[in-house]
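Heads up: the structure comes next, in structure tokens.
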Amino acid sequence: MFLADKYSSLLPSLHQHHSKPSRRRSQQLKGEADRFGAALAARLRGLLPLPASQLAALARVADLLALTLADAGDALAGAGEGDASAAAVAAHLDAGVALLDACNAIAVRLDRLRRRRLLARLALHLLSSTSSSPSGRARARAALADRGDHPAASPSPLAPLPSLPFEQPRGRLSAAARVLAAVDAVSSLAAAAAAAILVGGPASFPRVSGGGDLPWAEPFNAVSGQLAALEGAGEVGAVDEAVRSLASALDAGTDNEAAVRPAAQELERRTEELAPRLDRLSDAVGGVFRAALGLRNAELGCFMVGPAGKPCSKYP
């Protein structure tokens, strides 16, 4: 099930109407954007130092993104047709769809990691419940093979996680453009971290040029640098390595109990560590999806038509 099926109630109703905003709304939007930027800068500073656990670090970045999306929706309330803020909102609608697609892709990958973990636990159960009989070892080895560690054994290849490139905004920015630049930057950061941690290999982490319009640039770059510097295979790689060690011990023959027992104990420890971190990350990704739907609702709300057939958020 895609995340959109779970959260379809958060999609906007086309029959909602907004009251006509006052002439002061432009200044109010600027004040909202200022407060939004200051809050984001504080949250980015509070994110450091990142935890040693890669999955925990990714979950914290996802939490940051969800909060950023939620705050952005509030800051954009009332952006009207015909001004620079409304143009920025209209140009951002496709980016919201790309973020929702990325959440779906990450959710699929987390489901695959859960399946692989359960097969490893099944192999451990078979080893413990059959007193290391040859048939029990063979079934345990088959369960490990079903994890799909090798391309030939994989039930279906997963597509690469979508990237969300960040383009540095140029020129003087409207209030809405400042908010949405932050949304795009944090979205790009989270997508790069997900690709590096869940898929592996090199990832392009975004950096932002500072300035008065983007007061959060310096702490953002600090977080981006720490994420890029995370080393090692992480929890997912540690489980994969433990699986390979146990599989090698099982392949060595029935008289290799001295190697099987410690390999099984190591795999048990690694899979126990992995479970709560996968659950925590899955909850965080769900929070991002809900917040992204909420922001899209707010963006579409800027262009809804009122009872008189006029844009409900147009400035007088």
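Ordering of the structure tokens sets the chain letters (A, B, ...), residue numbers begin anew at 1 in every chain, and ligands are numbered from 1 in the order given.
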
>> Residues near His125 of chain A, anyone? I mean within 12 Å using only C-alpha atoms, not counting same-chain ones fewer than 3 positions away, as a ChimeraX atom specification.
In response: /A:118-122,128-132,136-137,139-141,143-144,264-265,267-268

Okay, now the selection with N, CA, C and O atoms, as a compact mmCIF listing (two decimals), in the first residue's frame?
```
# COMPACT_ATOMS: atom_id res chain seq x y z
N LEU A 118 13.54 -10.27 8.88
CA LEU A 118 12.71 -11.40 9.33
C LEU A 118 13.25 -12.73 8.82
O LEU A 118 13.19 -13.74 9.53
N LEU A 119 13.78 -12.76 7.61
CA LEU A 119 14.36 -14.00 7.09
C LEU A 119 15.61 -14.38 7.86
O LEU A 119 15.87 -15.57 8.09
N ALA A 120 16.39 -13.38 8.28
CA ALA A 120 17.55 -13.69 9.11
C ALA A 120 17.11 -14.26 10.45
O ALA A 120 17.71 -15.21 10.97
N ARG A 121 16.05 -13.68 11.03
CA ARG A 121 15.54 -14.21 12.30
C ARG A 121 14.97 -15.62 12.12
O ARG A 121 15.09 -16.46 13.02
N LEU A 122 14.35 -15.89 10.98
CA LEU A 122 13.85 -17.23 10.71
C LEU A 122 15.01 -18.23 10.66
O LEU A 122 14.91 -19.34 11.22
N SER A 128 18.16 -22.88 16.09
CA SER A 128 17.99 -23.13 17.52
C SER A 128 16.96 -24.21 17.82
O SER A 128 17.03 -24.86 18.86
N SER A 129 16.01 -24.40 16.90
CA SER A 129 14.92 -25.34 17.19
C SER A 129 15.15 -26.73 16.63
O SER A 129 14.36 -27.64 16.89
N THR A 130 16.20 -26.93 15.86
CA THR A 130 16.43 -28.25 15.26
C THR A 130 17.72 -28.89 15.75
O THR A 130 18.19 -29.87 15.15
N SER A 131 18.29 -28.35 16.82
CA SER A 131 19.51 -28.92 17.42
C SER A 131 20.62 -29.10 16.39
O SER A 131 21.35 -30.10 16.39
N SER A 132 20.70 -28.15 15.48
CA SER A 132 21.77 -28.14 14.47
C SER A 132 21.78 -29.42 13.63
O SER A 132 22.83 -29.92 13.25
N GLY A 136 17.95 -28.92 9.50
CA GLY A 136 17.75 -27.59 10.06
C GLY A 136 18.75 -26.59 9.51
O GLY A 136 18.40 -25.45 9.19
N ARG A 137 20.00 -27.04 9.37
CA ARG A 137 21.02 -26.16 8.80
C ARG A 137 20.69 -25.82 7.35
O ARG A 137 20.86 -24.67 6.91
N ARG A 139 17.74 -25.71 5.93
CA ARG A 139 16.61 -24.77 5.88
C ARG A 139 17.04 -23.38 6.33
O ARG A 139 16.59 -22.37 5.77
N ALA A 140 17.91 -23.31 7.31
CA ALA A 140 18.42 -22.01 7.75
C ALA A 140 19.21 -21.34 6.62
O ALA A 140 19.07 -20.14 6.37
N ARG A 141 20.02 -22.14 5.94
CA ARG A 141 20.82 -21.57 4.84
C ARG A 141 19.91 -21.10 3.71
O ARG A 141 20.18 -20.06 3.08
N ALA A 143 16.87 -19.94 4.09
CA ALA A 143 16.25 -18.69 4.54
C ALA A 143 17.19 -17.51 4.33
O ALA A 143 16.77 -16.43 3.91
N LEU A 144 18.48 -17.72 4.61
CA LEU A 144 19.45 -16.65 4.39
C LEU A 144 19.56 -16.32 2.90
O LEU A 144 19.68 -15.15 2.51
N ALA A 264 26.00 -17.06 14.71
CA ALA A 264 24.57 -16.92 14.96
C ALA A 264 24.31 -15.90 16.08
O ALA A 264 23.36 -15.11 16.00
N GLN A 265 25.14 -15.91 17.10
CA GLN A 265 24.97 -14.95 18.19
C GLN A 265 25.18 -13.51 17.71
O GLN A 265 24.46 -12.59 18.11
N LEU A 267 24.69 -12.41 14.63
CA LEU A 267 23.55 -12.05 13.80
C LEU A 267 22.32 -11.75 14.66
O LEU A 267 21.57 -10.81 14.36
N GLU A 268 22.12 -12.50 15.72
CA GLU A 268 21.00 -12.23 16.61
C GLU A 268 21.12 -10.84 17.22
O GLU A 268 20.15 -10.07 17.29
```

> Which residues in segment 138-197 of chain A does DSSP call alpha helix (DSSP H)? List them as a VMD selection string.
Replying inline: chain A and resid 138 to 145 175 to 194

Counting only C-alpha atoms, which residues in segment 105-195 of chain A sit no more than 12 Å from segment 59-64 of chain A? For each one, give the nearest pair of atoms and the distance in Å, sorted by chain then residue number, as a tab-separated table.
```
residue	atom	partner	partner_atom	distance
A:Ile106	CA	A:Ala62	CA	11.3
A:Ala182	CA	A:Leu64	CA	11.4
A:Val183	CA	A:Leu64	CA	10.4
A:Ala185	CA	A:Leu64	CA	11.6
A:Val186	CA	A:Leu64	CA	8.0
A:Ser187	CA	A:Ala62	CA	8.7
A:Ser188	CA	A:Val61	CA	10.9
A:Leu189	CA	A:Val61	CA	8.1
A:Ala190	CA	A:Val61	CA	6.1
A:Ala191	CA	A:Ala62	CA	9.2
A:Ala192	CA	A:Val61	CA	10.7
A:Ala193	CA	A:Val61	CA	8.3
A:Ala194	CA	A:Ala62	CA	9.3
```

For the selection you just gave me, I'd like the residues written to a file as an mmCIF file, in the first residue's frame, keeping all heavy atoms.
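Wrote it out as out-v3.cif, contents follow:
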```cif
data_model
loop_
_atom_site.group_PDB
_atom_site.id
_atom_site.type_symbol
_atom_site.label_atom_id
_atom_site.label_comp_id
_atom_site.auth_asym_id
_atom_site.auth_seq_id
_atom_site.Cartn_x
_atom_site.Cartn_y
_atom_site.Cartn_z
ATOM 1 N N ILE A 106 11.165 5.368 -0.334
ATOM 2 C CA ILE A 106 11.869 5.037 0.905
ATOM 3 C C ILE A 106 11.056 4.043 1.725
ATOM 4 O O ILE A 106 11.613 3.103 2.322
ATOM 5 C CB ILE A 106 12.160 6.317 1.712
ATOM 6 C CG1 ILE A 106 13.181 7.183 0.962
ATOM 7 C CG2 ILE A 106 12.676 5.983 3.105
ATOM 8 C CD1 ILE A 106 13.357 8.562 1.553
ATOM 9 N N ALA A 182 13.890 26.900 1.665
ATOM 10 C CA ALA A 182 14.254 26.087 2.826
ATOM 11 C C ALA A 182 13.650 24.689 2.723
ATOM 12 O O ALA A 182 14.311 23.688 3.021
ATOM 13 C CB ALA A 182 13.793 26.768 4.109
ATOM 14 N N VAL A 183 12.399 24.612 2.302
ATOM 15 C CA VAL A 183 11.752 23.308 2.121
ATOM 16 C C VAL A 183 12.539 22.457 1.124
ATOM 17 O O VAL A 183 12.814 21.270 1.365
ATOM 18 C CB VAL A 183 10.294 23.499 1.646
ATOM 19 C CG1 VAL A 183 9.710 22.174 1.155
ATOM 20 C CG2 VAL A 183 9.442 24.065 2.770
ATOM 21 N N ALA A 185 15.703 22.743 0.237
ATOM 22 C CA ALA A 185 17.037 22.402 0.737
ATOM 23 C C ALA A 185 16.977 21.241 1.728
ATOM 24 O O ALA A 185 17.765 20.296 1.634
ATOM 25 C CB ALA A 185 17.680 23.623 1.383
ATOM 26 N N VAL A 186 16.044 21.294 2.674
ATOM 27 C CA VAL A 186 15.953 20.230 3.674
ATOM 28 C C VAL A 186 15.461 18.935 3.021
ATOM 29 O O VAL A 186 15.904 17.839 3.381
ATOM 30 C CB VAL A 186 15.039 20.656 4.841
ATOM 31 C CG1 VAL A 186 14.931 19.531 5.871
ATOM 32 C CG2 VAL A 186 15.586 21.916 5.507
ATOM 33 N N SER A 187 14.566 19.043 2.042
ATOM 34 C CA SER A 187 14.125 17.852 1.309
ATOM 35 C C SER A 187 15.290 17.203 0.585
ATOM 36 O O SER A 187 15.447 15.971 0.600
ATOM 37 C CB SER A 187 13.027 18.223 0.305
ATOM 38 O OG SER A 187 11.884 18.747 0.939
ATOM 39 N N SER A 188 16.119 18.017 -0.070
ATOM 40 C CA SER A 188 17.285 17.495 -0.774
ATOM 41 C C SER A 188 18.264 16.837 0.193
ATOM 42 O O SER A 188 18.836 15.771 -0.104
ATOM 43 C CB SER A 188 17.969 18.641 -1.533
ATOM 44 O OG SER A 188 19.107 18.189 -2.221
ATOM 45 N N LEU A 189 18.444 17.450 1.360
ATOM 46 C CA LEU A 189 19.342 16.890 2.374
ATOM 47 C C LEU A 189 18.848 15.517 2.837
ATOM 48 O O LEU A 189 19.623 14.561 2.935
ATOM 49 C CB LEU A 189 19.432 17.850 3.552
ATOM 50 C CG LEU A 189 20.345 17.436 4.712
ATOM 51 C CD1 LEU A 189 21.799 17.458 4.271
ATOM 52 C CD2 LEU A 189 20.138 18.362 5.909
ATOM 53 N N ALA A 190 17.556 15.419 3.117
ATOM 54 C CA ALA A 190 16.994 14.147 3.581
ATOM 55 C C ALA A 190 17.084 13.079 2.507
ATOM 56 O O ALA A 190 17.392 11.914 2.793
ATOM 57 C CB ALA A 190 15.538 14.347 4.012
ATOM 58 N N ALA A 191 16.835 13.440 1.243
ATOM 59 C CA ALA A 191 16.913 12.468 0.155
ATOM 60 C C ALA A 191 18.338 11.963 -0.030
ATOM 61 O O ALA A 191 18.563 10.768 -0.257
ATOM 62 C CB ALA A 191 16.395 13.090 -1.139
ATOM 63 N N ALA A 192 19.312 12.864 0.055
ATOM 64 C CA ALA A 192 20.715 12.454 -0.082
ATOM 65 C C ALA A 192 21.120 11.531 1.060
ATOM 66 O O ALA A 192 21.813 10.528 0.848
ATOM 67 C CB ALA A 192 21.616 13.680 -0.122
ATOM 68 N N ALA A 193 20.684 11.853 2.284
ATOM 69 C CA ALA A 193 21.010 11.007 3.429
ATOM 70 C C ALA A 193 20.372 9.631 3.292
ATOM 71 O O ALA A 193 21.000 8.609 3.602
ATOM 72 C CB ALA A 193 20.555 11.685 4.720
ATOM 73 N N ALA A 194 19.129 9.589 2.824
ATOM 74 C CA ALA A 194 18.459 8.294 2.633
ATOM 75 C C ALA A 194 19.191 7.445 1.607
ATOM 76 O O ALA A 194 19.377 6.236 1.803
ATOM 77 C CB ALA A 194 17.013 8.520 2.205
#
```

>> Just want the 9 Å neighbourhood of Pro215 of chain A, counted on only C-alpha atoms, with same-chain residues fewer than 5 positions away dropped. Output as a VMD selection string.
In response: chain A and resid 34 37 to 38 40 to 41 210

Emit the selected residues as a PDB file, in the first residue's frame, including N, CA, C and O atoms.
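Okay, out39.pdb is ready:
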```pdb
ATOM      1  N   ASP A  34      10.266  35.391   8.191  1.00  0.00           N
ATOM      2  CA  ASP A  34      11.381  35.680   9.101  1.00  0.00           C
ATOM      3  C   ASP A  34      11.378  34.712  10.284  1.00  0.00           C
ATOM      4  O   ASP A  34      12.425  34.163  10.661  1.00  0.00           O
ATOM      5  N   GLY A  37      12.422  31.167   9.136  1.00  0.00           N
ATOM      6  CA  GLY A  37      13.854  31.015   8.937  1.00  0.00           C
ATOM      7  C   GLY A  37      14.617  30.921  10.240  1.00  0.00           C
ATOM      8  O   GLY A  37      15.549  30.112  10.376  1.00  0.00           O
ATOM      9  N   ALA A  38      14.217  31.739  11.235  1.00  0.00           N
ATOM     10  CA  ALA A  38      14.893  31.701  12.536  1.00  0.00           C
ATOM     11  C   ALA A  38      14.653  30.364  13.231  1.00  0.00           C
ATOM     12  O   ALA A  38      15.568  29.796  13.850  1.00  0.00           O
ATOM     13  N   LEU A  40      14.017  27.467  11.778  1.00  0.00           N
ATOM     14  CA  LEU A  40      14.764  26.424  11.080  1.00  0.00           C
ATOM     15  C   LEU A  40      16.234  26.460  11.467  1.00  0.00           C
ATOM     16  O   LEU A  40      16.860  25.412  11.694  1.00  0.00           O
ATOM     17  N   ALA A  41      16.810  27.646  11.552  1.00  0.00           N
ATOM     18  CA  ALA A  41      18.213  27.756  11.946  1.00  0.00           C
ATOM     19  C   ALA A  41      18.438  27.153  13.329  1.00  0.00           C
ATOM     20  O   ALA A  41      19.420  26.436  13.562  1.00  0.00           O
ATOM     21  N   GLY A 210      24.985  31.434   1.871  1.00  0.00           N
ATOM     22  CA  GLY A 210      24.296  32.241   2.871  1.00  0.00           C
ATOM     23  C   GLY A 210      23.850  33.582   2.337  1.00  0.00           C
ATOM     24  O   GLY A 210      24.033  33.934   1.180  1.00  0.00           O
TER      25      GLY A 210
END
```

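Distance check against Val243 of chain A using only C-alpha atoms: of A:Lys30, A:Arg277, A:Arg116, A:Arg109, the minimum falls on A:Arg116.
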
> Do you know which residues are at most 12 Å from Asp184 of chain A counting only C-alpha atoms, after dropping those on the same chain fewer than 2 positions away, and could you put them as an NGL selection string?
Replying inline: :A and (65 or 68-69 or 72 or 92-96 or 98-99 or 163-169 or 177-182 or 186-191 or 206-208 or 292)

For Gly287 of chain A, work out the shell of residues within 8 Å, counting only C-alpha atoms and skipping chain neighbours fewer than 3 positions away, then give it as a PDB file with N, CA, C and O atoms, in the first residue's frame.
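Heads up, here's the output in selection-v4.pdb:
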```pdb
ATOM      1  N   ALA A  62      14.676  13.269   9.076  1.00  0.00           N
ATOM      2  CA  ALA A  62      13.286  13.169   8.625  1.00  0.00           C
ATOM      3  C   ALA A  62      12.356  13.948   9.546  1.00  0.00           C
ATOM      4  O   ALA A  62      11.422  14.612   9.076  1.00  0.00           O
ATOM      5  N   ASP A  63      12.590  13.884  10.844  1.00  0.00           N
ATOM      6  CA  ASP A  63      11.790  14.677  11.779  1.00  0.00           C
ATOM      7  C   ASP A  63      11.931  16.166  11.483  1.00  0.00           C
ATOM      8  O   ASP A  63      10.952  16.922  11.521  1.00  0.00           O
ATOM      9  N   ALA A  66       9.878  17.012   8.446  1.00  0.00           N
ATOM     10  CA  ALA A  66       8.443  17.063   8.741  1.00  0.00           C
ATOM     11  C   ALA A  66       8.067  18.371   9.440  1.00  0.00           C
ATOM     12  O   ALA A  66       7.052  19.007   9.111  1.00  0.00           O
ATOM     13  N   ASP A 283       8.339   5.407  11.055  1.00  0.00           N
ATOM     14  CA  ASP A 283       7.410   6.398  11.613  1.00  0.00           C
ATOM     15  C   ASP A 283       7.786   7.809  11.167  1.00  0.00           C
ATOM     16  O   ASP A 283       6.918   8.632  10.859  1.00  0.00           O
ATOM     17  N   ALA A 284       9.087   8.095  11.131  1.00  0.00           N
ATOM     18  CA  ALA A 284       9.539   9.427  10.727  1.00  0.00           C
ATOM     19  C   ALA A 284       9.206   9.695   9.262  1.00  0.00           C
ATOM     20  O   ALA A 284       8.782  10.801   8.909  1.00  0.00           O
ATOM     21  N   ARG A 290       2.895  12.818   5.674  1.00  0.00           N
ATOM     22  CA  ARG A 290       1.715  13.558   6.126  1.00  0.00           C
ATOM     23  C   ARG A 290       1.954  15.068   6.049  1.00  0.00           C
ATOM     24  O   ARG A 290       1.083  15.829   5.627  1.00  0.00           O
ATOM     25  N   ALA A 291       3.145  15.490   6.470  1.00  0.00           N
ATOM     26  CA  ALA A 291       3.457  16.926   6.439  1.00  0.00           C
ATOM     27  C   ALA A 291       3.535  17.434   5.003  1.00  0.00           C
ATOM     28  O   ALA A 291       3.131  18.566   4.716  1.00  0.00           O
TER      29      ALA A 291
END
```

>> Here is a test: counting only C-alpha atoms, which residue of A:Val108, A:Leu250, A:Leu29, A:Val223 is nearest to Ala77 of chain A?
In response: A:Leu29

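Straight-line separation from atom CA of Ala238 of chain A to atom CA of Gln54 of chain A: 11.4 Å.
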
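In terms of minimum interatomic distance to Glu273 of chain A, A:Val236 ranks closest within A:Val236, A:Val260, A:Leu67, A:Ala84, counting only C-alpha atoms.
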